[in-house]
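Notes follow once the structure below has been shown.
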Amino acid sequence: MAAERRKVASTSDEKSLDTDKQFLERTGVNSAIRDVIGKMITNRPEDPVTFLADYFEALVEEQSSLVQRALRIITMTHHSRPVFEVNVRDAYTLLSKHKVSKKLKGVNGAIYTELLQALCKVLPSTVTIKLVKKLECFDYEAVPFDVFRSSVFTCCVLREYAAVAEQLFASLDIQKSGKADKALCEAVMDQLKTALGSSRNDVKRIIESSYNLGPEGLHQALERALSREQPQGVITAEQFVTEACDSFLAKVKKLK
């Protein structure tokens, strides 16, 4: 016991004699700081402080699942930036460590689906179910990178599309009650579907349609809705976003 106490004390003394540089190197802090600064410069986030906070929070949970770590990598930057492709590749490489069996590792349908569900966690559950159904791979299947990249990109675009729908709804929710006039919502939804209908079956073009609602047509539709004497009821934010996402999903090709 005395020997053990002397050993512990000796180790403690050695640590206390570390220089600042030795302390940072021994604890891995230098490496972590270099890594996060490198990633921040590469990804150039709009909110660097939040980026740093998220990075170190995830680092503390380093023992978390491969999916959560892959999710962090994918969401480091916007899907429109060139570095997004690099991040997706890094996420795929990380998930390739997934143990399929005693002798086999790789990205199979099971962990692929788990990642898609994690990416879509911010969406209404019914929307996530429909999207995963379109992009599904069987649990036992090996998922090639091209399929992985395409599906991840689709999920990221849908996340943004849903955010746009939420913003549209917020502009219609005049009382800020979480509910908006049904006629107004339907008028906006009709215009959104018209914009979607004019886009190709390409997720890059689909998201553009949500930003390009014809202002004149939208104004006329809102005027007609407001001119109705009898109210037609209300719609919640989730109902509006779900319907908008359903219109998006109609343009997404089924993987199988």
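Every chain in the structure tokens takes a letter, A first, then B, and so on in the order presented; its residues are numbered from 1, and the ligands are numbered from 1 following the presented order.
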
### Query
as number ranges by chain, which residues of range 17-195 of chain A does DSSP assign to alpha helix (DSSP H)?
A: 20-27, 29-43, 48-60, 66-74, 83-95, 109-119, 125-135, 145-172, 182-195

Please report as JSON lines every residue of range 6-125 of chain A lying within 8 Å of range 147-167 of chain A, along with the nearest atom pair and their distance in Å (one decimal), using only C-alpha atoms.
```
{"residue": "A:His79", "atom": "CA", "partner": "A:Cys156", "partner_atom": "CA", "distance": 6.7}
{"residue": "A:Glu85", "atom": "CA", "partner": "A:Arg149", "partner_atom": "CA", "distance": 8.0}
{"residue": "A:Val88", "atom": "CA", "partner": "A:Arg149", "partner_atom": "CA", "distance": 6.5}
{"residue": "A:Arg89", "atom": "CA", "partner": "A:Arg149", "partner_atom": "CA", "distance": 7.8}
{"residue": "A:Tyr92", "atom": "CA", "partner": "A:Phe148", "partner_atom": "CA", "distance": 7.6}
{"residue": "A:Tyr112", "atom": "CA", "partner": "A:Phe148", "partner_atom": "CA", "distance": 7.4}
{"residue": "A:Leu116", "atom": "CA", "partner": "A:Val152", "partner_atom": "CA", "distance": 6.8}
{"residue": "A:Leu119", "atom": "CA", "partner": "A:Cys155", "partner_atom": "CA", "distance": 6.6}
{"residue": "A:Cys120", "atom": "CA", "partner": "A:Cys155", "partner_atom": "CA", "distance": 6.5}
{"residue": "A:Val122", "atom": "CA", "partner": "A:Arg159", "partner_atom": "CA", "distance": 7.4}
{"residue": "A:Leu123", "atom": "CA", "partner": "A:Arg159", "partner_atom": "CA", "distance": 7.0}
```

For the selection just defined, write its residues with N, CA and C atoms to a file, as a PDB file, in the first residue's frame.
```
ATOM      1  N   HIS A  79     -24.684  22.639 -47.468  1.00  0.00           N
ATOM      2  CA  HIS A  79     -24.560  21.668 -48.548  1.00  0.00           C
ATOM      3  C   HIS A  79     -24.198  22.290 -49.899  1.00  0.00           C
ATOM      4  N   GLU A  85     -18.688  18.229 -49.970  1.00  0.00           N
ATOM      5  CA  GLU A  85     -18.351  16.939 -50.591  1.00  0.00           C
ATOM      6  C   GLU A  85     -17.252  16.237 -49.799  1.00  0.00           C
ATOM      7  N   VAL A  88     -18.735  14.888 -46.535  1.00  0.00           N
ATOM      8  CA  VAL A  88     -19.538  13.679 -46.760  1.00  0.00           C
ATOM      9  C   VAL A  88     -18.625  12.472 -46.949  1.00  0.00           C
ATOM     10  N   ARG A  89     -17.548  12.678 -47.688  1.00  0.00           N
ATOM     11  CA  ARG A  89     -16.581  11.593 -47.883  1.00  0.00           C
ATOM     12  C   ARG A  89     -15.961  11.180 -46.546  1.00  0.00           C
ATOM     13  N   TYR A  92     -18.463   9.153 -44.601  1.00  0.00           N
ATOM     14  CA  TYR A  92     -18.573   7.802 -45.160  1.00  0.00           C
ATOM     15  C   TYR A  92     -17.394   6.938 -44.706  1.00  0.00           C
ATOM     16  N   TYR A 112     -26.633   3.216 -42.534  1.00  0.00           N
ATOM     17  CA  TYR A 112     -27.010   4.254 -43.504  1.00  0.00           C
ATOM     18  C   TYR A 112     -28.382   4.833 -43.155  1.00  0.00           C
ATOM     19  N   LEU A 116     -29.567   8.683 -41.925  1.00  0.00           N
ATOM     20  CA  LEU A 116     -30.610   9.469 -42.582  1.00  0.00           C
ATOM     21  C   LEU A 116     -31.664   9.911 -41.573  1.00  0.00           C
ATOM     22  N   LEU A 119     -30.267  12.739 -39.549  1.00  0.00           N
ATOM     23  CA  LEU A 119     -30.253  13.979 -40.334  1.00  0.00           C
ATOM     24  C   LEU A 119     -31.644  14.612 -40.394  1.00  0.00           C
ATOM     25  N   CYS A 120     -32.663  13.768 -40.402  1.00  0.00           N
ATOM     26  CA  CYS A 120     -34.043  14.249 -40.557  1.00  0.00           C
ATOM     27  C   CYS A 120     -34.775  14.411 -39.228  1.00  0.00           C
ATOM     28  N   VAL A 122     -35.014  16.790 -37.311  1.00  0.00           N
ATOM     29  CA  VAL A 122     -35.664  18.100 -37.154  1.00  0.00           C
ATOM     30  C   VAL A 122     -36.971  18.189 -37.941  1.00  0.00           C
ATOM     31  N   LEU A 123     -37.262  17.189 -38.751  1.00  0.00           N
ATOM     32  CA  LEU A 123     -38.467  17.198 -39.586  1.00  0.00           C
ATOM     33  C   LEU A 123     -39.618  16.491 -38.887  1.00  0.00           C
TER      34      LEU A 123
END
```

### Task
Would you mind listing what lies within 12 Å of Lys134 in chain A as a list in words, with only C-alpha atoms counted and same-chain residues fewer than 5 positions away left out?
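So the residues in contact are Thr113, Leu116, Val127, Thr128, Ile129, Ser151, Thr154, Cys155, Leu249, Ala250, Lys251, Val252, Lys253, Lys254, Leu255 and Lys256 of chain A.
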
### Query
Hey, can you check how far CA of Arg34 in chain A sits from CA of Thr93 in chain A?
21.1 Å

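Counting from CA of Gln117 in chain A, the distance to CA of Val132 in chain A is 7.3 Å.
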
### Task
For CA of Asp35 in chain A and CA of Phe84 in chain A, quote the distance in Å rounded to one decimal.
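One can read the CA of Asp35 in chain A to CA of Phe84 in chain A distance as 17.2 Å.
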
### Top pick for closest residue to Arg44 in chain A, considering A:Lys102, A:Lys130, A:Arg81, A:Lys21 and counting only C-alpha atoms
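Residue with the minimum atom-to-atom distance to Arg44 in chain A: A:Arg81.
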
#### Entry: Ser171 in chain A surroundings by only C-alpha atoms, 12 Å radius, close-in-sequence under 5 positions cut, as an MDAnalysis selection string
chainID A and resid 164:166 176:181 184:185 188 237

#### Entry: Of the listed residues A:Ala244, A:Ile111, A:Leu66, A:Ile74, that which approaches Leu196 in chain A most closely, counting only C-alpha atoms
A:Ala244

### Task
Name the closest residue to Val36 in chain A among the candidates A:Gly109, A:Pro48, A:Pro144, A:Pro124; distances are taken between atoms, counting only C-alpha atoms.
A:Pro48
